[in-house]
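**Q** Hey, dropping protein13.cif in here, mmCIF, C-alpha atoms (C1' of nucleotides):
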data_structure
loop_
_atom_site.label_atom_id
_atom_site.label_comp_id
_atom_site.auth_asym_id
_atom_site.auth_seq_id
_atom_site.Cartn_x
_atom_site.Cartn_y
_atom_site.Cartn_z
CA MET W 11 0.00 0.00 0.00
CA ALA W 12 1.16 3.50 -0.72
CA ASP W 13 2.16 5.93 1.97
CA PRO W 14 -1.13 6.59 3.79
CA PHE W 15 -2.40 10.07 3.31
CA ASN W 16 -3.30 11.81 6.55
CA LEU W 17 -5.72 14.54 5.67
CA ALA W 18 -5.78 15.81 9.25
CA GLU W 19 -2.17 16.97 8.96
CA PHE W 20 -2.57 18.42 5.53
CA LEU W 21 -2.05 22.17 5.51
CA PRO W 22 -4.84 23.05 3.06
CA TYR W 23 -7.27 20.95 5.05
CA ARG W 24 -6.30 22.47 8.38
CA LEU W 25 -6.68 25.92 6.96
CA ALA W 26 -10.02 25.10 5.41
CA LEU W 27 -11.33 23.71 8.68
CA ILE W 28 -10.42 26.66 10.87
CA ALA W 29 -11.51 29.16 8.25
CA GLU W 30 -14.88 27.45 7.85
CA ARG W 31 -15.38 27.23 11.56
CA ILE W 32 -14.62 30.89 12.13
CA SER W 33 -16.70 31.89 9.14
CA ARG W 34 -19.64 29.99 10.49
CA ARG W 35 -19.23 31.55 13.90
CA LEU W 36 -19.08 34.97 12.35
CA ALA W 37 -22.19 34.31 10.30
CA VAL W 38 -24.10 34.08 13.55
CA GLU W 39 -23.55 37.80 13.93
CA TYR W 40 -24.79 38.92 10.55
CA GLU W 41 -27.11 36.19 9.42
CA ARG W 42 -29.12 35.40 12.51
CA SER W 43 -29.70 39.05 13.40
CA HIS W 44 -29.82 40.69 9.99
CA GLY W 45 -30.48 37.98 7.47
CA LEU W 46 -27.28 38.61 5.53
CA SER W 47 -25.49 35.91 3.58
CA VAL W 48 -21.72 35.69 3.47
CA ALA W 49 -21.67 37.39 0.10
CA GLU W 50 -23.97 40.16 1.26
CA TRP W 51 -21.90 40.71 4.37
CA ARG W 52 -18.69 40.94 2.38
CA VAL W 53 -20.19 43.41 -0.04
CA LEU W 54 -21.55 45.54 2.76
CA ALA W 55 -18.34 45.46 4.73
CA ASN W 56 -16.24 46.39 1.74
CA LEU W 57 -18.51 49.26 0.88
CA SER W 58 -17.81 50.51 4.36
CA ASN W 59 -14.37 51.67 3.39
CA LEU W 60 -14.63 51.73 -0.39
CA GLY W 61 -17.28 54.40 -0.37
CA THR W 62 -18.66 53.87 -3.86
CA ALA W 63 -17.68 50.88 -5.93
CA SER W 64 -18.64 48.98 -9.04
CA VAL W 65 -19.47 45.29 -9.13
CA ARG W 66 -16.04 44.68 -10.55
CA ASP W 67 -14.34 46.65 -7.78
CA ILE W 68 -16.12 44.56 -5.21
CA GLN W 69 -15.35 41.40 -7.07
CA LEU W 70 -11.65 42.19 -7.02
CA VAL W 71 -11.47 43.06 -3.36
CA THR W 72 -13.80 40.37 -2.23
CA ASN W 73 -12.71 37.29 -4.09
CA LEU W 74 -16.26 36.44 -5.13
CA GLU W 75 -17.58 35.49 -8.56
CA LYS W 76 -19.05 38.45 -10.33
CA SER W 77 -22.45 36.81 -10.62
CA ARG W 78 -22.38 36.21 -6.91
CA VAL W 79 -21.55 39.84 -6.29
CA SER W 80 -24.22 40.95 -8.72
CA ARG W 81 -26.84 38.89 -6.94
CA ALA W 82 -25.70 39.90 -3.49
CA VAL W 83 -25.90 43.54 -4.51
CA GLY W 84 -29.35 42.90 -5.95
CA ARG W 85 -30.56 41.45 -2.68
CA LEU W 86 -29.00 44.29 -0.73
CA GLU W 87 -30.77 46.73 -2.99
CA THR W 88 -34.09 44.99 -2.42
CA ALA W 89 -33.38 45.25 1.28
CA LYS W 90 -32.67 48.94 0.77
CA MET W 91 -29.18 48.68 2.21
CA VAL W 92 -27.42 49.85 -0.94
CA LYS W 93 -28.30 52.03 -3.87
CA LYS W 94 -27.21 51.42 -7.45
CA HIS W 95 -26.98 53.82 -10.29
CA VAL W 96 -25.33 53.73 -13.65
CA SER W 97 -22.09 55.63 -13.85
CA ALA W 98 -22.19 58.87 -15.79
CA GLN W 99 -18.63 58.42 -16.97
CA ASP W 100 -18.98 54.81 -18.12
CA ALA W 101 -22.42 53.42 -18.69
CA ARG W 102 -21.17 49.87 -18.27
CA LEU W 103 -20.38 50.52 -14.65
CA VAL W 104 -22.80 50.52 -11.79
CA GLU W 105 -21.98 52.71 -8.84
CA ILE W 106 -22.95 51.05 -5.63
CA ALA W 107 -23.14 52.87 -2.34
CA LEU W 108 -24.46 52.24 1.14
CA THR W 109 -27.77 53.76 2.13
CA ALA W 110 -28.40 55.06 5.61
CA LYS W 111 -30.02 51.75 6.41
CA GLY W 112 -27.01 49.87 5.11
CA ARG W 113 -24.73 51.99 7.23
CA ALA W 114 -26.92 51.45 10.25
CA THR W 115 -26.91 47.71 9.69
CA LEU W 116 -23.15 47.73 9.45
CA ASN W 117 -22.87 49.77 12.62
CA ALA W 118 -25.00 47.22 14.38
CA ILE W 119 -22.93 44.30 13.18
CA VAL W 120 -19.38 45.59 13.27
CA PRO W 121 -18.97 45.79 17.04
CA ASN W 122 -20.13 42.20 17.33
CA VAL W 123 -17.80 40.78 14.73
CA ARG W 124 -14.99 42.82 16.21
CA GLU W 125 -15.66 41.26 19.52
CA VAL W 126 -15.50 37.81 18.00
CA GLU W 127 -12.17 38.72 16.47
CA ASN W 128 -10.90 40.14 19.75
CA ARG W 129 -11.76 36.97 21.56
CA LEU W 130 -9.95 34.97 18.91
CA LEU W 131 -6.88 37.12 19.27
CA GLU W 132 -6.91 37.25 23.03
CA GLY W 133 -3.73 35.81 24.50
CA LEU W 134 -1.78 36.12 21.28
CA THR W 135 1.09 38.56 21.11
CA ALA W 136 1.59 41.07 18.34
CA HIS W 137 4.72 39.19 17.44
CA GLN W 138 2.82 35.95 17.11
CA MET W 139 0.25 37.55 14.89
CA ALA W 140 2.90 39.14 12.74
CA ALA W 141 4.49 35.75 12.23
CA PHE W 142 1.11 34.27 11.45
CA TYR W 143 0.31 36.84 8.82
CA ALA W 144 3.81 36.57 7.41
CA ILE W 145 3.15 32.92 6.71
CA ILE W 146 -0.17 33.67 5.09
CA ASP W 147 1.59 36.20 2.89
CA HIS W 148 4.17 33.59 2.05
CA LEU W 149 1.41 31.22 0.99
CA HIS W 150 -0.01 33.93 -1.23
CA ASP W 151 3.40 34.50 -2.75
CA VAL W 152 3.74 30.84 -3.63
CA LEU W 153 0.32 30.87 -5.26
CA ASP W 154 1.17 34.06 -7.12
CA ALA W 155 3.97 32.15 -8.78
CA ASP W 156 1.75 29.19 -9.60
CA PRO W 157 0.09 29.42 -13.00
CA ASP W 158 -2.62 26.99 -11.90
CA ALA W 159 -3.67 29.20 -9.01
CA LYS W 160 -6.29 31.87 -9.25
CA GLU W 161 -5.01 35.40 -9.11
CA ARG W 162 -4.61 36.99 -5.75
CA VAL W 163 -7.20 39.39 -4.54
CA ASP W 164 -6.08 42.75 -5.79
CA LYS W 165 -5.40 45.02 -2.86
CA ARG W 166 -4.85 47.96 -5.14
CA ALA W 167 -8.46 47.66 -6.22
CA ALA W 168 -9.45 49.34 -2.99
CA SER W 169 -7.75 52.61 -3.83
CA ALA W 170 -8.79 52.35 -7.47
CA ALA W 171 -12.37 51.89 -6.40
CA SER W 172 -12.45 54.89 -4.13
CA LYS W 173 -11.27 56.93 -7.08
CA THR W 174 -14.23 55.66 -9.07
CA GLY W 175 -16.42 57.04 -6.37
CA ALA W 176 -14.56 60.33 -6.10
CA SER W 177 -14.29 61.15 -9.77
CA MET D 19 -19.12 58.31 11.08
CA ALA D 20 -18.21 55.24 13.04
CA ASP D 21 -14.76 53.78 13.05
CA PRO D 22 -14.37 52.50 9.49
CA PHE D 23 -14.25 48.77 9.27
CA ASN D 24 -11.34 47.48 7.27
CA LEU D 25 -12.27 44.02 6.13
CA ALA D 26 -8.84 43.47 4.58
CA GLU D 27 -7.24 43.41 8.02
CA PHE D 28 -9.92 41.31 9.61
CA LEU D 29 -8.58 37.95 10.74
CA PRO D 30 -11.58 35.85 9.69
CA TYR D 31 -11.51 37.44 6.28
CA ARG D 32 -7.80 36.92 5.77
CA LEU D 33 -8.13 33.32 6.76
CA ALA D 34 -11.11 32.79 4.49
CA LEU D 35 -9.27 34.28 1.53
CA ILE D 36 -6.11 32.22 1.81
CA ALA D 37 -8.07 29.06 2.58
CA GLU D 38 -10.33 29.56 -0.42
CA ARG D 39 -7.42 30.30 -2.67
CA ILE D 40 -5.51 27.22 -1.61
CA SER D 41 -8.63 25.09 -1.79
CA ARG D 42 -9.27 26.25 -5.32
CA ARG D 43 -5.71 25.53 -6.30
CA LEU D 44 -5.96 22.08 -4.81
CA ALA D 45 -9.20 21.39 -6.61
CA VAL D 46 -7.29 21.62 -9.85
CA GLU D 47 -5.61 18.38 -8.88
CA TYR D 48 -8.67 16.34 -8.11
CA GLU D 49 -11.43 18.00 -10.06
CA ARG D 50 -9.87 18.71 -13.40
CA SER D 51 -8.25 15.29 -13.66
CA HIS D 52 -10.71 13.10 -11.83
CA GLY D 53 -13.97 14.96 -11.68
CA LEU D 54 -14.12 14.98 -7.90
CA SER D 55 -15.85 17.68 -5.91
CA VAL D 56 -14.44 19.01 -2.66
CA ALA D 57 -16.80 16.82 -0.70
CA GLU D 58 -15.94 13.73 -2.72
CA TRP D 59 -12.23 14.41 -2.34
CA ARG D 60 -12.53 14.81 1.41
CA VAL D 61 -14.49 11.61 1.74
CA LEU D 62 -12.03 9.71 -0.39
CA ALA D 63 -9.01 11.13 1.41
CA ASN D 64 -10.43 10.35 4.81
CA LEU D 65 -11.25 6.82 3.81
CA SER D 66 -7.60 6.48 2.96
CA ASN D 67 -6.66 6.27 6.60
CA LEU D 68 -9.99 5.44 8.19
CA GLY D 69 -10.26 2.18 6.37
CA THR D 70 -13.96 1.62 6.77
CA ALA D 71 -16.25 4.30 8.08
CA SER D 72 -19.89 5.23 8.40
CA VAL D 73 -21.43 8.41 7.08
CA ARG D 74 -21.41 9.73 10.58
CA ASP D 75 -17.73 8.92 11.06
CA ILE D 76 -16.89 10.82 7.93
CA GLN D 77 -19.13 13.66 8.92
CA LEU D 78 -17.30 14.05 12.20
CA VAL D 79 -13.83 13.96 10.76
CA THR D 80 -14.64 15.99 7.74
CA ASN D 81 -16.70 18.88 8.99
CA LEU D 82 -19.31 18.39 6.28
CA GLU D 83 -23.10 18.24 6.62
CA LYS D 84 -24.34 14.72 6.77
CA SER D 85 -26.48 15.18 3.69
CA ARG D 86 -23.46 16.44 1.86
CA VAL D 87 -21.49 13.40 2.95
CA SER D 88 -24.35 11.13 2.03
CA ARG D 89 -24.55 12.57 -1.46
CA ALA D 90 -20.81 12.60 -1.96
CA VAL D 91 -20.68 8.95 -0.99
CA GLY D 92 -23.53 8.25 -3.37
CA ARG D 93 -21.68 9.84 -6.24
CA LEU D 94 -18.48 8.03 -5.34
CA GLU D 95 -20.41 4.79 -5.32
CA THR D 96 -21.85 5.51 -8.75
CA ALA D 97 -18.28 6.17 -9.88
CA LYS D 98 -17.34 2.82 -8.35
CA MET D 99 -14.72 4.38 -6.11
CA VAL D 100 -16.33 3.25 -2.88
CA LYS D 101 -18.55 0.40 -1.81
CA LYS D 102 -21.34 0.65 0.72
CA HIS D 103 -22.94 -2.07 2.72
CA VAL D 104 -25.16 -2.10 5.73
CA SER D 105 -23.42 -2.94 8.96
CA ALA D 106 -24.14 -6.37 10.38
CA GLN D 107 -23.84 -5.09 13.96
CA ASP D 108 -26.06 -2.05 13.56
CA ALA D 109 -28.39 -1.89 10.60
CA ARG D 110 -28.60 1.89 10.83
CA LEU D 111 -24.96 2.20 9.90
CA VAL D 112 -23.51 2.03 6.45
CA GLU D 113 -19.99 0.77 6.12
CA ILE D 114 -18.14 2.63 3.43
CA ALA D 115 -14.85 1.47 2.02
CA LEU D 116 -12.61 2.27 -0.90
CA THR D 117 -12.67 0.04 -3.93
CA ALA D 118 -9.57 -0.73 -5.93
CA LYS D 119 -10.56 2.01 -8.29
CA GLY D 120 -10.99 4.44 -5.41
CA ARG D 121 -7.59 3.55 -4.10
CA ALA D 122 -6.07 3.93 -7.54
CA THR D 123 -7.65 7.34 -7.94
CA LEU D 124 -6.29 8.41 -4.59
CA ASN D 125 -2.85 7.15 -5.50
CA ALA D 126 -2.99 9.22 -8.64
CA ILE D 127 -4.03 12.36 -6.80
CA VAL D 128 -2.07 12.24 -3.57
CA PRO D 129 1.39 12.86 -5.00
CA ASN D 130 0.09 15.93 -6.78
CA VAL D 131 -1.61 17.47 -3.81
CA ARG D 132 1.44 16.69 -1.73
CA GLU D 133 3.54 18.56 -4.18
CA VAL D 134 1.26 21.54 -3.94
CA GLU D 135 1.61 21.41 -0.18
CA ASN D 136 5.37 21.08 -0.41
CA ARG D 137 5.61 24.12 -2.60
CA LEU D 138 3.49 26.05 -0.14
CA LEU D 139 5.73 25.04 2.72
CA GLU D 140 8.98 25.60 0.90
CA GLY D 141 11.13 28.16 2.65
CA LEU D 142 9.29 27.88 5.94
CA THR D 143 11.08 26.46 8.93
CA ALA D 144 9.68 23.75 11.16
CA HIS D 145 9.64 26.29 13.92
CA GLN D 146 7.57 28.69 11.87
CA MET D 147 5.08 25.99 11.02
CA ALA D 148 4.82 24.91 14.63
CA ALA D 149 4.01 28.47 15.60
CA PHE D 150 1.50 28.69 12.81
CA TYR D 151 -0.32 25.55 13.85
CA ALA D 152 -0.17 26.60 17.49
CA ILE D 153 -2.14 29.69 16.58
CA ILE D 154 -4.69 27.68 14.66
CA ASP D 155 -5.07 25.46 17.69
CA HIS D 156 -5.52 28.52 19.84
CA LEU D 157 -8.28 29.71 17.54
CA HIS D 158 -9.96 26.33 17.89
CA ASP D 159 -9.66 26.56 21.64
CA VAL D 160 -11.39 29.92 21.68
CA LEU D 161 -14.21 28.56 19.56
CA ASP D 162 -14.47 25.50 21.76
CA ALA D 163 -15.32 27.83 24.61
CA ASP D 164 -17.86 29.77 22.55
CA PRO D 165 -21.40 28.41 22.80
CA ASP D 166 -22.30 30.07 19.50
CA ALA D 167 -19.59 28.23 17.63
CA LYS D 168 -20.06 24.91 15.97
CA GLU D 169 -18.35 22.02 17.66
CA ARG D 170 -14.82 21.25 16.67
CA VAL D 171 -14.12 18.43 14.30
CA ASP D 172 -13.68 15.39 16.45
CA LYS D 173 -10.22 14.03 16.06
CA ARG D 174 -11.03 10.99 18.14
CA ALA D 175 -13.54 10.00 15.50
CA ALA D 176 -10.68 8.76 13.40
CA SER D 177 -9.66 6.04 15.81
CA ALA D 178 -13.28 5.27 16.67
CA ALA D 179 -14.05 4.81 13.01
CA SER D 180 -11.21 2.46 12.33
CA LYS D 181 -12.55 0.31 15.13
CA THR D 182 -15.88 0.22 13.33
CA GLY D 183 -14.05 -1.18 10.38
CA ALA D 184 -12.05 -3.65 12.41
CA SER D 185 -14.87 -5.06 14.46
"C1'" DT J 9 -41.39 -6.50 27.40
"C1'" DT J 10 -43.48 -2.58 25.74
"C1'" DG J 11 -43.34 2.26 24.55
"C1'" DA J 12 -40.74 6.52 24.25
"C1'" DA J 13 -36.70 8.68 22.87
"C1'" DT J 14 -32.42 8.70 20.13
"C1'" DT J 15 -29.46 7.80 16.27
"C1'" DC J 16 -28.51 7.04 11.44
"C1'" DG J 17 -28.79 7.88 6.57
"C1'" DT J 18 -31.69 9.61 2.82
"C1'" DT J 19 -34.62 12.74 0.49
"C1'" DG J 20 -37.69 16.93 -0.71
"C1'" DC J 21 -37.45 21.47 -1.11
"C1'" DA J 22 -36.04 26.12 -1.40
"C1'" DT J 23 -32.10 28.63 -2.20
"C1'" DA J 24 -27.23 29.46 -3.58
"C1'" DT J 25 -23.61 28.63 -6.62
"C1'" DG J 26 -20.44 28.55 -10.84
"C1'" DC J 27 -20.18 28.86 -15.53
"C1'" DA J 28 -21.20 30.30 -20.01
"C1'" DA J 29 -23.71 33.23 -22.90
"C1'" DC J 30 -25.67 37.52 -23.76
"C1'" DG J 31 -26.74 42.64 -24.64
"C1'" DA J 32 -24.87 46.98 -23.89
"C1'" DT J 33 -21.16 49.99 -23.76
"C1'" DA J 34 -16.36 51.44 -24.39
"C1'" DA J 35 -11.66 51.04 -26.16
"C1'" DT J 36 -8.66 49.74 -29.79
"C1'" DT J 37 -7.33 48.97 -34.42
"C1'" DT J 38 -7.24 49.86 -39.17
"C1'" DA B 9 -15.18 56.71 -38.95
"C1'" DA B 10 -15.98 51.82 -39.11
"C1'" DA B 11 -15.09 47.52 -37.56
"C1'" DT B 12 -13.12 44.56 -34.32
"C1'" DT B 13 -12.12 43.54 -29.65
"C1'" DA B 14 -12.63 43.93 -24.78
"C1'" DT B 15 -15.14 45.03 -20.53
"C1'" DC B 16 -19.16 45.24 -17.51
"C1'" DG B 17 -23.14 43.45 -15.26
"C1'" DT B 18 -27.06 40.32 -15.64
"C1'" DT B 19 -29.34 36.08 -16.44
"C1'" DG B 20 -30.41 31.01 -17.73
"C1'" DC B 21 -29.28 26.75 -16.52
"C1'" DA B 22 -27.53 22.76 -14.32
"C1'" DT B 23 -25.84 21.47 -10.11
"C1'" DA B 24 -24.69 21.92 -5.11
"C1'" DT B 25 -26.03 23.19 -0.68
"C1'" DG B 26 -28.32 23.46 4.02
"C1'" DC B 27 -32.15 22.40 6.58
"C1'" DA B 28 -35.94 19.94 8.14
"C1'" DA B 29 -38.63 15.92 7.91
"C1'" DC B 30 -38.86 11.21 7.43
"C1'" DG B 31 -38.54 5.89 7.88
"C1'" DA B 32 -35.81 2.44 9.81
"C1'" DA B 33 -33.16 0.70 13.49
"C1'" DT B 34 -31.49 0.83 18.13
"C1'" DT B 35 -31.23 2.23 22.93
"C1'" DC B 36 -33.26 3.62 27.06
"C1'" DA B 37 -36.97 3.66 30.60
"C1'" DA B 38 -40.75 2.22 32.90
#
So, in terms of structure tokens, how does the structure I just supplied come out?

**A**
Amino acid sequence: MADPFNLAEFLPYRLALIAERISRRLAVEYERSHGLSVAEWRVLANLSNLGTASVRDIQLVTNLEKSRVSRAVGRLETAKMVKKHVSAQDARLVEIALTAKGRATLNAIVPNVREVENRLLEGLTAHQMAAFYAIIDHLHDVLDADPDAKERVDKRAASAASKTGAS
Amino acid sequence: MADPFNLAEFLPYRLALIAERISRRLAVEYERSHGLSVAEWRVLANLSNLGTASVRDIQLVTNLEKSRVSRAVGRLETAKMVKKHVSAQDARLVEIALTAKGRATLNAIVPNVREVENRLLEGLTAHQMAAFYAIIDHLHDVLDADPDAKERVDKRAASAASKTGAS
DNA sequence: TTGAATTCGTTGCATATGCAACGATAATTT
DNA sequence: AAATTATCGTTGCATATGCAACGAATTCAA
């Protein structure tokens, strides 16, 4: 028999498990109380610091399929948490922005998710966290060099997007 | 305006992004070549060292919904990669085991996913990885103490399951 | 031993998802 | 300027997903 494969010690599996578990815990804060899906939450949260953004902007920052973003935005619009309108500069683009209700919803959720994060981080030193994030960055670097990997989420999209809103 | 929420620096988000990216990269190895879904891959891989297991065993080790496991097993059975038969000791249980074809498929996939993992780990010291996993364990510990979190994947299930097979 | 409660796996159903195709618009090429 | 190409967002479709309900089997209690 070949070398037995121990999934439990497999890095991608370990990462998937903890990420899923945290994600599910977090969802308690935005789904149970406000009926938001993961996609809707990510869109909302990104709009918080993007200001105004197009579907594409959100897609880049958020690592979601564009159809998923489009539908999440649609549901958020139905829920009156965001407003869409066609860009004057480029009619292909849709400018998406939080409404007062969207902002209020975010303000209700953010302290709770922050508290979850704080609890997770409790007892860890800044040095530990820096090392942790350094490894995650390393993993991203490896994937960046791998032609079979999907492109990394574009961090520059954030600044580009805020320009869209400002111009 | 409230303290702006920067999703990009939010631990759960960072973890979700890297985990999704790695997962997607890994899927290239088992989906493109062998038509396996994530769920099917996890079932197959767990069977590799569980030997024989019930749906529930797999569910525990794998962190997947039982219906998802059930369906994944069903598809794997259709593909003749696993065999199911009702337990003689407890007729509620289904004993699931790899077929020769399932084992062959695994043997074809495992070296490739291992290589992906090796590339990811390249350049990281054992000490770094230990620190990394220690933090993941810490995160699990925090969630273990959180009544709103889902229970942790049961590592003991692995040994329990292999007993199922042996008895 | 009989009846109630629990466990296991499957299935129905509503919804979510990824992918490809599409119409509309804009940018590029000739 | 006209034609080709590329980009953007939406939608149709097939499939996947989570949840609850269910039937069958077992365990527990009286």

**Q** Compile the residues of chain W that lie within 6 Å of chain D, evaluated using all atoms listed in the file, and express the compilation as JSON, numbers by chain.

**A** {"W": [25, 26, 29, 35, 130, 142, 149, 152, 159]}

**Q** Keeping only C-alpha atoms, take the residues you just selected and write them out as an mmCIF file, keeping the file's coordinate frame.

**A**
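Output (again-v4.cif):
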data_model
loop_
_atom_site.group_PDB
_atom_site.id
_atom_site.type_symbol
_atom_site.label_atom_id
_atom_site.label_comp_id
_atom_site.auth_asym_id
_atom_site.auth_seq_id
_atom_site.Cartn_x
_atom_site.Cartn_y
_atom_site.Cartn_z
ATOM 1 C CA LEU W 25 -6.680 25.920 6.960
ATOM 2 C CA ALA W 26 -10.020 25.100 5.410
ATOM 3 C CA ALA W 29 -11.510 29.160 8.250
ATOM 4 C CA ARG W 35 -19.230 31.550 13.900
ATOM 5 C CA LEU W 130 -9.950 34.970 18.910
ATOM 6 C CA PHE W 142 1.110 34.270 11.450
ATOM 7 C CA LEU W 149 1.410 31.220 0.990
ATOM 8 C CA VAL W 152 3.740 30.840 -3.630
ATOM 9 C CA ALA W 159 -3.670 29.200 -9.010
#

**Q** Counting only C-alpha atoms (C1' of nucleotides), give me one row per residue of chain W with an atom at most 10 Å from an atom of chain B, showing the shortest contact pair and its distance in Å to one decimal, sorted by chain then residue number, as CSV.

**A**
residue,atom,partner,partner_atom,distance
W:Ser64,CA,B:DC16,C1',9.3
W:Val65,CA,B:DG17,C1',7.4
W:Arg66,CA,B:DC16,C1',7.6
W:Lys76,CA,B:DG17,C1',8.1
W:Ser77,CA,B:DT18,C1',7.7
W:Val79,CA,B:DG17,C1',9.8
W:Ser80,CA,B:DG17,C1',7.1
W:Arg81,CA,B:DT18,C1',8.8
W:Asp100,CA,B:DC16,C1',9.6
W:Ala101,CA,B:DC16,C1',8.9
W:Arg102,CA,B:DC16,C1',5.1
W:Leu103,CA,B:DC16,C1',6.1
W:Val104,CA,B:DG17,C1',7.9

**Q** Taking C-alpha atoms for each residue, export the selection above as a CSV table (one decimal), keeping the file's coordinate frame.

**A**
chain,number,residue,atom,x,y,z
W,64,SER,CA,-18.6,49.0,-9.0
W,65,VAL,CA,-19.5,45.3,-9.1
W,66,ARG,CA,-16.0,44.7,-10.6
W,76,LYS,CA,-19.0,38.4,-10.3
W,77,SER,CA,-22.4,36.8,-10.6
W,79,VAL,CA,-21.6,39.8,-6.3
W,80,SER,CA,-24.2,41.0,-8.7
W,81,ARG,CA,-26.8,38.9,-6.9
W,100,ASP,CA,-19.0,54.8,-18.1
W,101,ALA,CA,-22.4,53.4,-18.7
W,102,ARG,CA,-21.2,49.9,-18.3
W,103,LEU,CA,-20.4,50.5,-14.6
W,104,VAL,CA,-22.8,50.5,-11.8

**Q** What are the closest atom pairs, with distances in Å to one decimal, for all residues of chain J lying within 12 Å of chain D? Consider all atoms listed in the file, order rows by chain and residue number, and present the result as a tab-separated table.

**A**
residue	atom	partner	partner_atom	distance
J:DT15	C1'	D:Arg110	CA	8.1
J:DC16	C1'	D:Arg110	CA	5.2
J:DG17	C1'	D:Ser88	CA	7.1
J:DT18	C1'	D:Ser88	CA	7.5
J:DT19	C1'	D:Ser85	CA	9.1

**Q** Written as a ChimeraX atom specification, which residues does the PyMOL selection byres ((chain D and resi 96-99) around 10) give for the file shown?

**A** /D:53-54,62,90-95,100-101,115-124

**Q** Could you work out how far CA of Glu125 in chain W lies from CA of Leu70 in chain W, giving the answer in Å with one decimal?

**A**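 Atom-to-atom, CA of Leu70 in chain W and CA of Glu125 in chain W are spaced 26.9 Å apart.
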
**Q** One decimal, in Å: what's the spacing between CA of Ser51 in chain D and CA of Ala71 in chain D?

**A** 25.6 Å

**Q** If you measure from C1' of DC27 in chain J to CA of Glu83 in chain D, what distance in Å do you get, rounded to one decimal?

**A**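 A separation of 24.7 Å between them.
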
**Q** Could you add the missing atoms to range 130-141 of chain W, up to N, CA and C atoms, and return them as a CSV table (one decimal), in the coordinates of the input?

**A**
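For reference, part00.csv as written:
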chain,number,residue,atom,x,y,z
W,130,LEU,N,-10.8,35.9,19.6
W,130,LEU,CA,-10.0,35.0,18.9
W,130,LEU,C,-8.5,35.3,19.1
W,131,LEU,N,-8.3,36.6,19.2
W,131,LEU,CA,-6.9,37.1,19.3
W,131,LEU,C,-6.4,37.2,20.7
W,132,GLU,N,-7.3,37.1,21.6
W,132,GLU,CA,-6.9,37.2,23.0
W,132,GLU,C,-5.8,36.2,23.4
W,133,GLY,N,-4.8,36.7,24.1
W,133,GLY,CA,-3.7,35.8,24.5
W,133,GLY,C,-2.6,35.6,23.5
W,134,LEU,N,-2.8,36.2,22.3
W,134,LEU,CA,-1.8,36.1,21.3
W,134,LEU,C,-1.0,37.4,21.3
W,135,THR,N,0.3,37.3,21.1
W,135,THR,CA,1.1,38.6,21.1
W,135,THR,C,1.1,39.1,19.7
W,136,ALA,N,1.5,40.4,19.6
W,136,ALA,CA,1.6,41.1,18.3
W,136,ALA,C,2.6,40.4,17.5
W,137,HIS,N,3.7,39.9,18.2
W,137,HIS,CA,4.7,39.2,17.4
W,137,HIS,C,4.2,37.9,16.8
W,138,GLN,N,3.4,37.2,17.6
W,138,GLN,CA,2.8,36.0,17.1
W,138,GLN,C,2.0,36.2,15.9
W,139,MET,N,1.1,37.2,16.0
W,139,MET,CA,0.2,37.6,14.9
W,139,MET,C,1.0,38.0,13.6
W,140,ALA,N,2.1,38.7,13.9
W,140,ALA,CA,2.9,39.1,12.7
W,140,ALA,C,3.5,37.9,12.0
W,141,ALA,N,3.9,37.0,12.8
W,141,ALA,CA,4.5,35.8,12.2
W,141,ALA,C,3.4,35.0,11.5
